[in-house]
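Visitor: Sharing data.pdb (PDB, C-alpha atoms, pLDDT in the B column) below.
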ATOM      1  CA  ALA A   5     141.566 223.578  39.889  1.00 81.00           C
ATOM      2  CA  VAL A   6     139.161 222.828  42.755  1.00 84.00           C
ATOM      3  CA  LEU A   7     139.188 219.141  41.859  1.00 81.00           C
ATOM      4  CA  ALA A   8     143.016 219.145  41.881  1.00 79.00           C
ATOM      5  CA  VAL A   9     143.105 220.865  45.292  1.00 79.00           C
ATOM      6  CA  ILE A  10     140.726 218.249  46.702  1.00 79.00           C
ATOM      7  CA  THR A  11     142.424 215.153  45.241  1.00 81.00           C
ATOM      8  CA  VAL A  12     146.168 215.902  45.040  1.00 82.00           C
ATOM      9  CA  PRO A  13     147.223 216.888  48.620  1.00 87.00           C
ATOM     10  CA  PRO A  14     145.560 213.902  50.364  1.00 86.00           C
ATOM     11  CA  SER A  15     147.307 211.596  47.892  1.00 88.00           C
ATOM     12  CA  PHE A  16     150.747 212.326  49.363  1.00 92.00           C
ATOM     13  CA  HIS A  17     151.699 209.841  52.083  1.00 91.00           C
ATOM     14  CA  THR A  18     154.732 210.154  54.345  1.00 93.00           C
ATOM     15  CA  VAL A  19     156.388 207.213  56.070  1.00 95.00           C
ATOM     16  CA  ASP A  20     158.794 208.330  58.796  1.00 95.00           C
ATOM     17  CA  ALA A  21     162.162 206.795  59.626  1.00 94.00           C
ATOM     18  CA  GLY A  22     161.726 203.700  61.786  1.00 94.00           C
ATOM     19  CA  GLU A  23     158.343 202.903  60.271  1.00 96.00           C
ATOM     20  CA  ILE A  24     157.108 200.681  57.473  1.00 97.00           C
ATOM     21  CA  ALA A  25     153.766 201.053  55.729  1.00 96.00           C
ATOM     22  CA  VAL A  26     151.516 198.426  54.204  1.00 96.00           C
ATOM     23  CA  VAL A  27     149.754 199.809  51.130  1.00 96.00           C
ATOM     24  CA  LYS A  28     146.235 198.553  50.503  1.00 95.00           C
ATOM     25  CA  ARG A  29     144.432 199.152  47.231  1.00 94.00           C
ATOM     26  CA  LEU A  30     140.702 198.881  47.802  1.00 92.00           C
ATOM     27  CA  GLY A  31     141.400 196.788  50.920  1.00 90.00           C
ATOM     28  CA  LYS A  32     143.846 194.359  49.294  1.00 94.00           C
ATOM     29  CA  ILE A  33     147.516 194.453  50.354  1.00 94.00           C
ATOM     30  CA  THR A  34     149.590 195.418  47.325  1.00 94.00           C
ATOM     31  CA  ASN A  35     152.911 196.751  48.560  1.00 93.00           C
ATOM     32  CA  THR A  36     155.060 197.952  51.445  1.00 95.00           C
ATOM     33  CA  ARG A  37     156.820 201.281  51.773  1.00 95.00           C
ATOM     34  CA  THR A  38     159.801 202.337  53.866  1.00 94.00           C
ATOM     35  CA  ALA A  39     160.743 205.883  54.937  1.00 94.00           C
ATOM     36  CA  GLY A  40     159.902 208.538  52.366  1.00 94.00           C
ATOM     37  CA  THR A  41     157.070 210.444  50.727  1.00 93.00           C
ATOM     38  CA  TYR A  42     154.857 208.711  48.180  1.00 94.00           C
ATOM     39  CA  PHE A  43     152.042 209.684  45.846  1.00 92.00           C
ATOM     40  CA  ASP A  44     149.166 207.208  45.843  1.00 89.00           C
ATOM     41  CA  PHE A  45     145.627 208.275  45.010  1.00 86.00           C
ATOM     42  CA  TRP A  46     143.874 208.539  48.383  1.00 84.00           C
ATOM     43  CA  MET A  47     140.466 207.257  47.293  1.00 86.00           C
ATOM     44  CA  ILE A  48     141.741 203.780  46.392  1.00 91.00           C
ATOM     45  CA  ASN A  49     145.043 203.462  48.331  1.00 92.00           C
ATOM     46  CA  THR A  50     145.371 203.464  52.109  1.00 92.00           C
ATOM     47  CA  TYR A  51     148.498 203.240  54.259  1.00 94.00           C
ATOM     48  CA  ASP A  52     148.701 201.220  57.489  1.00 95.00           C
ATOM     49  CA  VAL A  53     151.868 202.316  59.269  1.00 95.00           C
ATOM     50  CA  TYR A  54     153.783 199.947  61.591  1.00 96.00           C
ATOM     51  CA  ASP A  55     156.506 200.939  64.037  1.00 95.00           C
ATOM     52  CA  ALA A  56     159.652 199.041  62.980  1.00 95.00           C
ATOM     53  CA  LYS A  57     161.710 200.110  65.997  1.00 96.00           C
ATOM     54  CA  VAL A  58     162.338 197.869  69.007  1.00 96.00           C
ATOM     55  CA  GLN A  59     159.124 197.362  70.989  1.00 96.00           C
ATOM     56  CA  GLN A  60     159.223 196.939  74.757  1.00 96.00           C
ATOM     57  CA  LEU A  61     156.551 195.223  76.835  1.00 96.00           C
ATOM     58  CA  ASN A  62     156.547 195.716  80.601  1.00 97.00           C
ATOM     59  CA  ILE A  63     154.603 192.822  82.076  1.00 96.00           C
ATOM     60  CA  GLN A  64     153.285 192.535  85.634  1.00 95.00           C
ATOM     61  CA  THR A  65     151.748 189.242  86.734  1.00 94.00           C
ATOM     62  CA  GLU A  66     151.341 186.834  89.637  1.00 92.00           C
ATOM     63  CA  ALA A  67     152.573 183.260  89.794  1.00 90.00           C
ATOM     64  CA  TYR A  68     153.070 180.432  92.275  1.00 89.00           C
ATOM     65  CA  THR A  69     156.103 178.348  93.189  1.00 88.00           C
ATOM     66  CA  THR A  70     156.092 174.567  93.679  1.00 89.00           C
ATOM     67  CA  ASP A  71     155.680 175.153  97.414  1.00 86.00           C
ATOM     68  CA  SER A  72     152.548 177.281  96.740  1.00 83.00           C
ATOM     69  CA  GLN A  73     154.097 180.641  97.518  1.00 85.00           C
ATOM     70  CA  GLN A  74     152.551 183.529  95.627  1.00 87.00           C
ATOM     71  CA  MET A  75     154.938 185.916  93.897  1.00 91.00           C
ATOM     72  CA  ASP A  76     154.554 189.127  91.946  1.00 91.00           C
ATOM     73  CA  ILE A  77     156.654 189.159  88.790  1.00 93.00           C
ATOM     74  CA  SER A  78     157.876 192.081  86.719  1.00 95.00           C
ATOM     75  CA  LEU A  79     159.199 191.161  83.288  1.00 95.00           C
ATOM     76  CA  THR A  80     160.455 193.203  80.340  1.00 96.00           C
ATOM     77  CA  VAL A  81     160.278 191.730  76.824  1.00 96.00           C
ATOM     78  CA  GLN A  82     161.815 193.399  73.756  1.00 96.00           C
ATOM     79  CA  PHE A  83     161.122 192.498  70.143  1.00 96.00           C
ATOM     80  CA  GLN A  84     161.207 194.050  66.694  1.00 95.00           C
ATOM     81  CA  ILE A  85     158.943 193.259  63.749  1.00 95.00           C
ATOM     82  CA  GLN A  86     160.571 191.636  60.733  1.00 93.00           C
ATOM     83  CA  GLN A  87     160.126 194.231  58.013  1.00 93.00           C
ATOM     84  CA  HIS A  88     160.109 191.637  55.245  1.00 94.00           C
ATOM     85  CA  ASN A  89     157.133 189.957  56.977  1.00 93.00           C
ATOM     86  CA  VAL A  90     155.047 193.070  57.626  1.00 95.00           C
ATOM     87  CA  LYS A  91     152.419 191.900  55.100  1.00 95.00           C
ATOM     88  CA  GLU A  92     151.912 188.718  57.152  1.00 94.00           C
ATOM     89  CA  ILE A  93     151.618 190.792  60.347  1.00 94.00           C
ATOM     90  CA  ALA A  94     148.988 192.972  58.652  1.00 94.00           C
ATOM     91  CA  THR A  95     147.109 189.900  57.416  1.00 94.00           C
ATOM     92  CA  ASN A  96     147.259 187.884  60.657  1.00 93.00           C
ATOM     93  CA  TYR A  97     147.031 190.609  63.323  1.00 93.00           C
ATOM     94  CA  GLY A  98     145.902 193.801  61.609  1.00 90.00           C
ATOM     95  CA  LYS A  99     147.591 196.056  64.149  1.00 92.00           C
ATOM     96  CA  LEU A 100     150.873 196.025  66.043  1.00 92.00           C
ATOM     97  CA  GLU A 101     148.959 196.248  69.348  1.00 94.00           C
ATOM     98  CA  LEU A 102     147.258 192.907  68.707  1.00 95.00           C
ATOM     99  CA  LEU A 103     150.609 191.284  67.953  1.00 95.00           C
ATOM    100  CA  ALA A 104     152.088 192.792  71.127  1.00 95.00           C
ATOM    101  CA  ASN A 105     149.134 191.476  73.164  1.00 96.00           C
ATOM    102  CA  ARG A 106     149.717 187.965  71.814  1.00 95.00           C
ATOM    103  CA  ILE A 107     153.449 188.133  72.582  1.00 96.00           C
ATOM    104  CA  GLU A 108     152.658 189.396  76.089  1.00 96.00           C
ATOM    105  CA  ALA A 109     150.280 186.471  76.695  1.00 96.00           C
ATOM    106  CA  VAL A 110     152.845 183.913  75.500  1.00 95.00           C
ATOM    107  CA  SER A 111     155.614 185.559  77.558  1.00 96.00           C
ATOM    108  CA  THR A 112     153.455 185.537  80.694  1.00 96.00           C
ATOM    109  CA  GLU A 113     152.526 181.885  80.241  1.00 95.00           C
ATOM    110  CA  ARG A 114     156.134 180.817  79.627  1.00 95.00           C
ATOM    111  CA  THR A 115     157.427 182.812  82.609  1.00 95.00           C
ATOM    112  CA  LYS A 116     154.874 181.246  84.938  1.00 94.00           C
ATOM    113  CA  SER A 117     155.723 177.815  83.557  1.00 94.00           C
ATOM    114  CA  VAL A 118     159.448 178.188  84.263  1.00 94.00           C
ATOM    115  CA  LEU A 119     159.075 179.807  87.690  1.00 92.00           C
ATOM    116  CA  SER A 120     156.509 177.249  88.881  1.00 92.00           C
ATOM    117  CA  GLN A 121     159.221 174.563  88.731  1.00 92.00           C
ATOM    118  CA  TYR A 122     161.122 176.100  91.678  1.00 91.00           C
ATOM    119  CA  LYS A 123     160.615 176.494  95.397  1.00 89.00           C
ATOM    120  CA  ALA A 124     160.464 180.051  96.693  1.00 85.00           C
ATOM    121  CA  GLU A 125     163.761 179.871  98.570  1.00 81.00           C
ATOM    122  CA  THR A 126     165.500 178.470  95.499  1.00 86.00           C
ATOM    123  CA  LEU A 127     164.221 181.374  93.408  1.00 86.00           C
ATOM    124  CA  ILE A 128     165.575 183.855  95.914  1.00 80.00           C
ATOM    125  CA  VAL A 129     169.024 182.284  95.849  1.00 79.00           C
ATOM    126  CA  GLU A 130     169.254 181.389  92.138  1.00 84.00           C
ATOM    127  CA  ARG A 131     167.400 184.254  90.484  1.00 81.00           C
ATOM    128  CA  ALA A 132     170.395 185.058  88.269  1.00 84.00           C
ATOM    129  CA  ASN A 133     170.300 181.500  86.889  1.00 88.00           C
ATOM    130  CA  VAL A 134     166.520 181.436  86.414  1.00 91.00           C
ATOM    131  CA  SER A 135     166.265 184.632  84.348  1.00 90.00           C
ATOM    132  CA  PRO A 136     168.173 183.146  81.348  1.00 93.00           C
ATOM    133  CA  MET A 137     165.898 180.084  81.464  1.00 94.00           C
ATOM    134  CA  VAL A 138     162.845 182.340  81.281  1.00 94.00           C
ATOM    135  CA  GLU A 139     164.388 184.212  78.352  1.00 94.00           C
ATOM    136  CA  GLN A 140     165.185 180.978  76.489  1.00 95.00           C
ATOM    137  CA  SER A 141     161.671 179.641  77.019  1.00 94.00           C
ATOM    138  CA  ILE A 142     160.123 182.841  75.659  1.00 95.00           C
ATOM    139  CA  ARG A 143     162.586 182.906  72.740  1.00 94.00           C
ATOM    140  CA  GLU A 144     161.570 179.357  71.748  1.00 93.00           C
ATOM    141  CA  ALA A 145     157.871 180.190  71.991  1.00 93.00           C
ATOM    142  CA  ILE A 146     158.093 183.356  69.920  1.00 91.00           C
ATOM    143  CA  SER A 147     160.879 182.544  67.413  1.00 77.00           C
ATOM    144  CA  ASP A 148     159.483 182.771  63.869  1.00 74.00           C
ATOM    145  CA  LYS A 149     155.845 182.166  64.772  1.00 85.00           C
ATOM    146  CA  PHE A 150     155.014 185.839  65.263  1.00 91.00           C
ATOM    147  CA  PHE A 151     157.101 187.420  62.451  1.00 93.00           C
ATOM    148  CA  VAL A 152     159.333 189.248  64.950  1.00 94.00           C
ATOM    149  CA  ASP A 153     162.961 189.203  65.976  1.00 94.00           C
ATOM    150  CA  PHE A 154     163.127 188.494  69.706  1.00 94.00           C
ATOM    151  CA  ASN A 155     165.705 190.692  71.456  1.00 94.00           C
ATOM    152  CA  ALA A 156     165.494 190.068  75.194  1.00 94.00           C
ATOM    153  CA  ALA A 157     163.404 189.071  78.186  1.00 94.00           C
ATOM    154  CA  VAL A 158     164.536 190.142  81.631  1.00 93.00           C
ATOM    155  CA  LEU A 159     163.019 189.345  85.010  1.00 91.00           C
ATOM    156  CA  THR A 160     163.204 192.769  86.627  1.00 91.00           C
ATOM    157  CA  ASP A 161     161.574 191.833  89.934  1.00 88.00           C
ATOM    158  CA  ILE A 162     160.272 188.854  91.872  1.00 87.00           C
ATOM    159  CA  SER A 163     158.470 189.785  95.080  1.00 85.00           C
ATOM    160  CA  PHE A 164     156.989 187.462  97.662  1.00 82.00           C
ATOM    161  CA  SER A 165     154.409 188.249 100.333  1.00 75.00           C
ATOM    162  CA  ASP A 166     155.572 190.161 103.398  1.00 73.00           C
ATOM    163  CA  ALA A 167     154.767 187.177 105.631  1.00 72.00           C
ATOM    164  CA  PHE A 168     156.953 184.861 103.540  1.00 71.00           C
ATOM    165  CA  GLU A 169     159.851 187.327 103.436  1.00 72.00           C
ATOM    166  CA  LYS A 170     159.615 187.741 107.219  1.00 73.00           C
ATOM    167  CA  ALA A 171     159.649 183.948 107.659  1.00 73.00           C
ATOM    168  CA  VAL A 172     162.783 183.659 105.493  1.00 70.00           C
ATOM    169  CA  GLU A 173     164.440 186.477 107.420  1.00 75.00           C
ATOM    170  CA  ASP A 174     163.552 184.840 110.760  1.00 75.00           C
ATOM    171  CA  LYS A 175     164.930 181.513 109.541  1.00 78.00           C
ATOM    172  CA  MET A 176     168.210 183.127 108.492  1.00 78.00           C
ATOM    173  CA  THR A 177     168.442 184.961 111.815  1.00 81.00           C
ATOM    174  CA  ALA A 178     167.863 181.691 113.688  1.00 81.00           C
ATOM    175  CA  GLU A 179     170.612 179.995 111.649  1.00 80.00           C
ATOM    176  CA  GLN A 180     172.993 182.883 112.419  1.00 82.00           C
ATOM    177  CA  GLU A 181     172.164 182.624 116.139  1.00 83.00           C
ATOM    178  CA  LYS A 182     172.749 178.872 116.042  1.00 82.00           C
ATOM    179  CA  LEU A 183     176.147 179.311 114.391  1.00 83.00           C
ATOM    180  CA  LYS A 184     177.048 182.035 116.838  1.00 85.00           C
ATOM    181  CA  ALA A 185     176.051 179.814 119.795  1.00 83.00           C
ATOM    182  CA  GLU A 186     178.172 176.946 118.460  1.00 79.00           C
TER     183      GLU A 186
END
Write out the structure in this file as structure tokens.

Guide:
Amino acid sequence: AVLAVITVPPSFHTVDAGEIAVVKRLGKITNTRTAGTYFDFWMINTYDVYDAKVQQLNIQTEAYTTDSQQMDISLTVQFQIQQHNVKEIATNYGKLELLANRIEAVSTERTKSVLSQYKAETLIVERANVSPMVEQSIREAISDKFFVDFNAAVLTDISFSDAFEKAVEDKMTAEQEKLKAE
């Protein structure tokens, strides 16, 4: 009875809704499990649980424009792991956090690459047109390489230095004064 009390309860594994588990038998991946309760002997079977819901990365970084203006960028990237590829994620990354870190690095690099092609004033005026280009660049970089479904990438903020913003404001004021004088 004591042996049963020690071995049976730890052998029940629960996978919650929105999660998927990779079952390892003595360290080797053998199966995956979706939501439910399972009985697998705990001494030889372990469960690595992955969140299968949409993941959101909030990225803050700095970049430069073609005219060497520094900008602070806020970017949100959303993705979801492909459940049928969770074994590959477990093999290649081990944990969801490592996969998310890799996606964040690629997203940051692609965002900087796209934004560095524009002058600061152009970015201010055409931000709505630039955001889809950033999203497309990230989508192409991530696609099937990371075993995830890419949902969205949105530039939530682009901020320039106070000195640059004041210079742009002064320039616009001067143009208004010139038009008014004419």

Visitor: Can you work out which one of A:Ile107, A:Ile24, A:Ile142, A:Val58 has the shortest atom-to-atom distance to Phe83 of chain A, counting only C-alpha atoms?

Guide: A:Val58

Visitor: Would you kindly identify which residues have an atom no farther than 8 Å from (164.8, 187.1, 95.1), using all atoms listed in the file and the file's own coordinates, and write them out as a PyMOL selection string?

Guide: chain A and resi 127-131+161-163

Visitor: Counting only C-alpha atoms, write as a PyMOL selection string all protein and nucleic acid residues lying at most 12 Å from (156.4, 201.1, 80.8) in the file's frame.

Guide: chain A and resi 59-64+78-82

Visitor: Considering only C-alpha atoms, can you say which of A:Ser111, A:Tyr51, A:Glu125, A:Thr177 comes closest to Ala156 of chain A?

Guide: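 Nearest candidate to Ala156 of chain A out of A:Ser111, A:Tyr51, A:Glu125, A:Thr177: A:Ser111.
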
Visitor: Return the single residue from A:Val19, A:Val26, A:Leu183, A:Ala67 that is closest to Thr50 of chain A, with distances computed using all atoms listed in the file.

Guide: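 Result for the nearest residue to Thr50 of chain A: A:Val26.
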
Visitor: For the file shown, what are the residues hit by the PyMOL selection byres ((chain A and resi 74) around 9), laid out as a list in words?

Guide: Glu66, Ala67, Tyr68, Thr69, Ser72, Gln73, Met75, Asp76, Ala124, Ser163, Phe164 and Ser165 of chain A

Visitor: Please enclose the listed atoms of segment 80-96 of chain A in an axis-aligned box, pad each side by 4 Å, and write out the centre and the three edge lengths in Å, rounded to one decimal, as JSON.

Guide:
{"center_x": 154.5, "center_y": 191.1, "center_z": 67.7, "size_x": 22.7, "size_y": 14.3, "size_z": 33.2}

Visitor: Using the chain letters and numbers from the file, which residues does the PyMOL selection byres ((chain A and resi 32-49) around 8) grab, as a VMD selection string?

Guide: chain A and resid 11 to 12 14 to 31 50 to 51 90 to 91

Visitor: Written as a PyMOL selection string, which residues does the PyMOL selection byres ((chain A and resi 146) around 12) give for the file shown?

Guide: chain A and resi 81-85+103-104+106-114+139-145+147-157

Visitor: So, with only C-alpha atoms as the atoms that count, which of A:Asp52, A:Thr160, A:Asp166, A:Ala185 lies closest to Thr95 of chain A?

Guide: A:Asp52

Visitor: May I ask for the distance between atom CA of Glu92 of chain A and atom CA of Ala56 of chain A, given in Å to one decimal place?

Guide: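 Atom CA of Glu92 of chain A sits 14.2 Å away from atom CA of Ala56 of chain A.
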
Visitor: In Å, how far is it from atom CA of Ala132 of chain A to atom CA of Asn105 of chain A?

Guide: 26.9 Å

Visitor: Just the number, please: distance in Å from atom CA of Thr115 of chain A to atom CA of Ile77 of chain A, one decimal.

Guide: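 Interatomic distance here is 8.9 Å.
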